[in-house]
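Take a look at the structure below.
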Amino acid sequence: MQSMQQYMDEAESVLLHTYNRYPIVFDHGEGVYLYDLNGKKYLDFVAGIAVFALGYGNREYNDALKDQVDKLLHTSNYFYNVPAILAAKRLLKASGMDRVFFTNSGAEAVEGAIKTARKYGFLRDGRTDHEIIAMNHSFHGRTMGALSVTGNAHYRDPFEPGIGNIRFADFNDLTSVQAQVNKNTIAILLETVQGEGGLTPATPEFLMGIRELCDRKDILLILDEIQCGMGRTGYPFAWQKYDVKPDVMTTAKALGCGVPIGAFLMTEKVAQSSLVAGDHGTTYGGNPFACRAADKVLEIFERDDIPGHVREVAPYLEKRLGELVSAFDCIKERRGAGLMQGLVFDRPVAPVINKALESGLVLINAGPNILRFVPPLIIEKAHVDEMMEILEGAVREAAEQ
Ligand SMILES: *Cc1c(COP(=O)(O)O)cnc(C)c1O
């Protein structure tokens, strides 16, 4: 067998270098642990970036996928398939939305939401100069449309011009949003909890203020729940904690727990006044295999009350992370909601991540100075303790340097 180093060298010679990867080749996973090619064990507090909510090697989930592999993988959207219907019913029940379109990724779900908003505006007044307001420090994906609404110039600048007619406002600052609204505004798009931008939950006043603004001006509220949805904050979708409901919503990441699938959802009112046959499509989206995965994930979430489990474990994680904030001057604050947490440092966190990896703990950052915690949703308090022990050592070593 080749060594990890040989594989890494090979990877760097064939894969386009769009990532600076950590020097590990993972081989398999079990529960909340990952194993590299040398058999070294790692506690995983990343879950493939908020994807593997059920952990690795869930027997029931794996069996459902194997069963579907032998049955049917793909049919195209010119025909009906049963897993898509079952997954749609469960997703609508969990979200309270009325209609769903399945995609292959989060970015594609955002594209669909943008097209929905533009068509809604077009049908309303026949114009094509509508504007969407998005947030600074947001992240919505890497395709041209999703990139155009991502509030991070570093990601956008080399690829300008974007799709156009996008304005940016400040997250959790209602006045700054109001200042961008005009007669052309057709949608306001935001993450209920900003992920890449720094694990910042929307304040209730902000989200309720935006909802009220949207209602008053016939503007669509689009919530991106790709990272913060699917139980991560202790609710099936993060907005359910607030007294608001979006008109359009996106999901992905944990929806397939490892199988690529996303979705955009909408209310019946929006569905009746936006996309119709011929307006949007996808070859793979909503195929039987990906939908079987989502159906099984949603079934387990509902039956085992995964959001309830998150509400039980998350306060403990918050408490333990809070202790670290008190103990180390280099950590400024803890932010986040549920099992989507961040520790804000006064310096880059890369050394902490590298130390943690050496000691068998997988963590990632959100921006240079924030350590991000998005573990599988099935973690127990004992895993939090195990994580804290390694993390404390890693922070101590990094702080001394
Ligand atoms: C990850 C993410 C996306 C993009 O999803 P992809 O599947 O990587 O295209 C969009 N929005 C948010 C909030 C995300 O966290």
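Ligands are numbered from 1 in the order shown, chains are lettered A, B, ... in the order of the structure tokens, and residues start at 1 in each chain.
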- Task: Excluding Glu131 of chain A and residues on its chain fewer than 2 positions from it, collect all residues at most 7 Å away from it, counting only C-alpha atoms, and give them as an NGL selection string.
- Result: :A and (129 or 133 or 165-166 or 184-186)
- Query: Taking only C-alpha atoms and all ligand atoms into account, which residues are within 7 Å of ligand 1, as an MDAnalysis selection string?
  - Reply: chainID A and resid 105:108 110 139:142 191 194:196 224:227 252:253
May I have the residues from that selection written out with all heavy atoms, as a compact mmCIF listing (two decimals), in the first residue's frame?
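selection-v1.txt, freshly written:
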```
# COMPACT_ATOMS: atom_id res chain seq x y z
N SER A 105 -26.51 20.19 -4.56
CA SER A 105 -25.58 20.88 -3.67
C SER A 105 -26.27 22.09 -3.06
O SER A 105 -27.39 22.46 -3.45
CB SER A 105 -24.37 21.38 -4.47
OG SER A 105 -24.77 22.38 -5.37
N GLY A 106 -25.55 22.71 -2.11
CA GLY A 106 -26.07 23.91 -1.49
C GLY A 106 -26.10 25.08 -2.46
O GLY A 106 -27.09 25.80 -2.56
N ALA A 107 -24.99 25.26 -3.18
CA ALA A 107 -24.92 26.38 -4.12
C ALA A 107 -26.07 26.32 -5.12
O ALA A 107 -26.69 27.35 -5.44
CB ALA A 107 -23.58 26.37 -4.85
N GLU A 108 -26.37 25.13 -5.60
CA GLU A 108 -27.48 25.00 -6.56
C GLU A 108 -28.83 25.34 -5.92
O GLU A 108 -29.74 25.81 -6.61
CB GLU A 108 -27.55 23.57 -7.09
CG GLU A 108 -26.53 23.26 -8.15
CD GLU A 108 -26.61 21.78 -8.51
OE1 GLU A 108 -27.55 21.38 -9.20
OE2 GLU A 108 -25.72 21.04 -8.06
N VAL A 110 -29.20 27.61 -3.66
CA VAL A 110 -29.21 29.08 -3.63
C VAL A 110 -29.54 29.62 -5.02
O VAL A 110 -30.32 30.57 -5.16
CB VAL A 110 -27.86 29.62 -3.11
CG1 VAL A 110 -27.78 31.12 -3.27
CG2 VAL A 110 -27.64 29.21 -1.66
N PHE A 139 -22.14 33.68 3.42
CA PHE A 139 -21.58 32.69 2.48
C PHE A 139 -22.73 31.89 1.89
O PHE A 139 -23.55 31.33 2.62
CB PHE A 139 -20.59 31.75 3.17
CG PHE A 139 -20.00 30.76 2.19
CD1 PHE A 139 -18.92 31.12 1.38
CD2 PHE A 139 -20.54 29.50 2.05
CE1 PHE A 139 -18.39 30.21 0.46
CE2 PHE A 139 -20.02 28.59 1.12
CZ PHE A 139 -18.95 28.95 0.33
N HIS A 140 -22.81 31.84 0.55
CA HIS A 140 -23.90 31.10 -0.08
C HIS A 140 -23.43 30.12 -1.14
O HIS A 140 -24.26 29.49 -1.80
CB HIS A 140 -24.91 32.08 -0.67
CG HIS A 140 -25.55 32.96 0.37
ND1 HIS A 140 -26.43 32.46 1.31
CD2 HIS A 140 -25.43 34.28 0.64
CE1 HIS A 140 -26.83 33.45 2.11
NE2 HIS A 140 -26.24 34.56 1.72
N GLY A 141 -22.13 29.99 -1.36
CA GLY A 141 -21.65 29.00 -2.32
C GLY A 141 -20.79 29.62 -3.41
O GLY A 141 -20.61 30.84 -3.47
N ARG A 142 -20.27 28.76 -4.30
CA ARG A 142 -19.22 29.18 -5.24
C ARG A 142 -19.64 29.30 -6.69
O ARG A 142 -18.83 29.66 -7.54
CB ARG A 142 -18.09 28.16 -5.16
CG ARG A 142 -17.53 27.94 -3.77
CD ARG A 142 -16.88 29.20 -3.23
NE ARG A 142 -15.96 28.87 -2.14
CZ ARG A 142 -14.79 29.45 -1.95
NH1 ARG A 142 -14.41 30.42 -2.75
NH2 ARG A 142 -14.03 29.10 -0.95
N GLU A 191 -28.48 34.00 5.97
CA GLU A 191 -28.37 32.78 6.76
C GLU A 191 -28.99 33.06 8.12
O GLU A 191 -28.71 34.10 8.71
CB GLU A 191 -26.90 32.41 6.96
CG GLU A 191 -26.14 32.05 5.70
CD GLU A 191 -24.65 32.37 5.84
OE1 GLU A 191 -23.91 31.50 6.32
OE2 GLU A 191 -24.24 33.49 5.49
N GLN A 194 -25.15 32.84 10.58
CA GLN A 194 -24.04 32.92 9.63
C GLN A 194 -22.99 31.88 9.98
O GLN A 194 -22.57 31.78 11.14
CB GLN A 194 -23.42 34.33 9.63
CG GLN A 194 -24.28 35.33 8.89
CD GLN A 194 -23.52 36.61 8.53
OE1 GLN A 194 -22.59 37.00 9.22
NE2 GLN A 194 -23.96 37.27 7.47
N GLY A 195 -22.58 31.08 8.98
CA GLY A 195 -21.63 30.00 9.21
C GLY A 195 -20.20 30.42 8.95
O GLY A 195 -19.46 30.78 9.87
N GLU A 196 -19.81 30.41 7.67
CA GLU A 196 -18.44 30.77 7.31
C GLU A 196 -18.07 32.16 7.83
O GLU A 196 -16.93 32.43 8.16
CB GLU A 196 -18.26 30.77 5.77
CG GLU A 196 -18.79 29.56 5.07
CD GLU A 196 -17.99 28.31 5.39
OE1 GLU A 196 -16.76 28.40 5.43
OE2 GLU A 196 -18.62 27.27 5.61
N ASP A 224 -31.19 31.01 4.12
CA ASP A 224 -30.24 29.96 3.75
C ASP A 224 -29.96 29.13 5.01
O ASP A 224 -29.30 29.58 5.94
CB ASP A 224 -28.95 30.59 3.21
CG ASP A 224 -27.93 29.54 2.78
OD1 ASP A 224 -28.06 28.37 3.19
OD2 ASP A 224 -26.98 29.90 2.05
N GLU A 225 -30.49 27.91 5.01
CA GLU A 225 -30.36 27.00 6.16
C GLU A 225 -29.43 25.84 5.82
O GLU A 225 -29.52 24.75 6.41
CB GLU A 225 -31.74 26.49 6.56
CG GLU A 225 -32.62 27.56 7.17
CD GLU A 225 -32.65 27.47 8.70
OE1 GLU A 225 -32.30 26.41 9.25
OE2 GLU A 225 -33.02 28.48 9.34
N ILE A 226 -28.54 26.06 4.86
CA ILE A 226 -27.69 24.97 4.38
C ILE A 226 -26.77 24.44 5.47
O ILE A 226 -26.58 23.23 5.60
CB ILE A 226 -26.91 25.42 3.13
CG1 ILE A 226 -27.89 25.59 1.96
CG2 ILE A 226 -25.78 24.45 2.78
CD1 ILE A 226 -27.33 26.30 0.74
N GLN A 227 -26.22 25.35 6.29
CA GLN A 227 -25.35 24.91 7.38
C GLN A 227 -26.10 24.83 8.71
O GLN A 227 -25.90 23.89 9.48
CB GLN A 227 -24.14 25.85 7.50
CG GLN A 227 -23.09 25.35 8.45
CD GLN A 227 -21.73 26.01 8.28
OE1 GLN A 227 -20.91 25.96 9.17
NE2 GLN A 227 -21.47 26.62 7.14
N ALA A 252 -29.13 21.82 2.52
CA ALA A 252 -28.21 20.88 1.85
C ALA A 252 -27.39 20.20 2.96
O ALA A 252 -27.98 19.68 3.90
CB ALA A 252 -27.31 21.57 0.84
N LYS A 253 -26.07 20.26 2.87
CA LYS A 253 -25.15 19.67 3.86
C LYS A 253 -25.71 18.42 4.56
O LYS A 253 -25.57 17.34 4.02
CB LYS A 253 -24.68 20.74 4.84
CG LYS A 253 -23.71 21.72 4.15
CD LYS A 253 -22.85 22.52 5.11
CE LYS A 253 -21.66 23.16 4.41
NZ LYS A 253 -21.93 24.48 3.84
```
- Task: Any chance you could list, as an MDAnalysis selection string, the residues in segment 11-174 of chain A that come up strand (DSSP E) when DSSP is run on the backbone?
- Result: chainID A and resid 26:30 33:36 41:44 99:103 131:135 166:169
- Message: What's around segment 5-11 of chain A at 9 Å? Count only C-alpha atoms, leave out sequence neighbours fewer than 4 positions away in its own chain, and write the answer as a PyMOL selection string.
- Response: chain A and resi 15-16+23-25
- Message: I'd like to know which residues of segment 62-250 of chain A are helix (DSSP H, G or I) (by DSSP, run on the backbone); could you write them as a PyMOL selection string?
- Response: chain A and resi 62-71+82-95+106-125+144-148+153-159+174-178+204-217+238-241
- Item | Long-range neighbours of segment 173-183 of chain A as a list of chain:residue names, 9 Å cut-off, only C-alpha atoms, 4 positions minimum in chain |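 Within the cut-off, the hits are A:His130, A:Glu131, A:Ile133, A:Ala134, A:Met135, A:Arg167, A:Phe168, A:Ala169, A:Ile188, A:Glu205, A:Phe206, A:Leu207, A:Gly209, A:Ile210, A:Leu213, A:Lys217.
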- Residue among A:Phe301, A:Ala314, A:Cys228, A:Leu199 lying closest to Glu333 of chain A, counting only C-alpha atoms: A:Leu199
- Message: I want to know what sits within 9 Å of segment 288-298 of chain A, based on only C-alpha atoms, with residues of the same chain fewer than 3 positions away left out; could you give that as a ChimeraX atom specification?
- Response: /A:53-54,60-62,64-65,68-69,72-75,81-91,94,102,104,230,254-261,284-285,301-303
- Could you state the separation of atom CA of Arg99 of chain A and atom CA of Pro201 of chain A in Å, given to one decimal place? 26.0 Å
Contact check, segment 75-190 of chain A to segment 364-380 of chain A, at most 12 Å, counting only C-alpha atoms, closest pairs as JSON lines:
```
{"residue": "A:His137", "atom": "CA", "partner": "A:Gly367", "partner_atom": "CA", "distance": 10.0}
{"residue": "A:Ser138", "atom": "CA", "partner": "A:Ala366", "partner_atom": "CA", "distance": 11.5}
{"residue": "A:Phe139", "atom": "CA", "partner": "A:Ala366", "partner_atom": "CA", "distance": 10.8}
{"residue": "A:Asn152", "atom": "CA", "partner": "A:Gly367", "partner_atom": "CA", "distance": 10.8}
{"residue": "A:His154", "atom": "CA", "partner": "A:Gly367", "partner_atom": "CA", "distance": 11.5}
```
Store the residues of this selection in a file with N, CA and C atoms, as a compact mmCIF listing (two decimals), in the first residue's frame.
```
# COMPACT_ATOMS: atom_id res chain seq x y z
N HIS A 137 -20.47 39.50 5.06
CA HIS A 137 -19.94 38.32 5.78
C HIS A 137 -20.79 37.07 5.58
N SER A 138 -21.67 37.08 4.58
CA SER A 138 -22.47 35.88 4.32
C SER A 138 -21.67 34.91 3.46
N PHE A 139 -22.14 33.68 3.42
CA PHE A 139 -21.58 32.69 2.48
C PHE A 139 -22.73 31.89 1.89
N ASN A 152 -18.50 38.56 0.76
CA ASN A 152 -17.07 38.49 1.04
C ASN A 152 -16.33 38.82 -0.26
N HIS A 154 -13.33 39.11 -1.04
CA HIS A 154 -12.17 38.27 -1.34
C HIS A 154 -12.58 37.10 -2.25
```
- Message: I'd like the interatomic distance between atom CA of Val349 of chain A and atom CA of Met388 of chain A, to a tenth of an Å.
- Response: 15.7 Å
- Tell me which of A:Gly360, A:Gly164, A:Pro351, A:Gly338 sits closest to Glu397 of chain A, counting only C-alpha atoms. A:Pro351
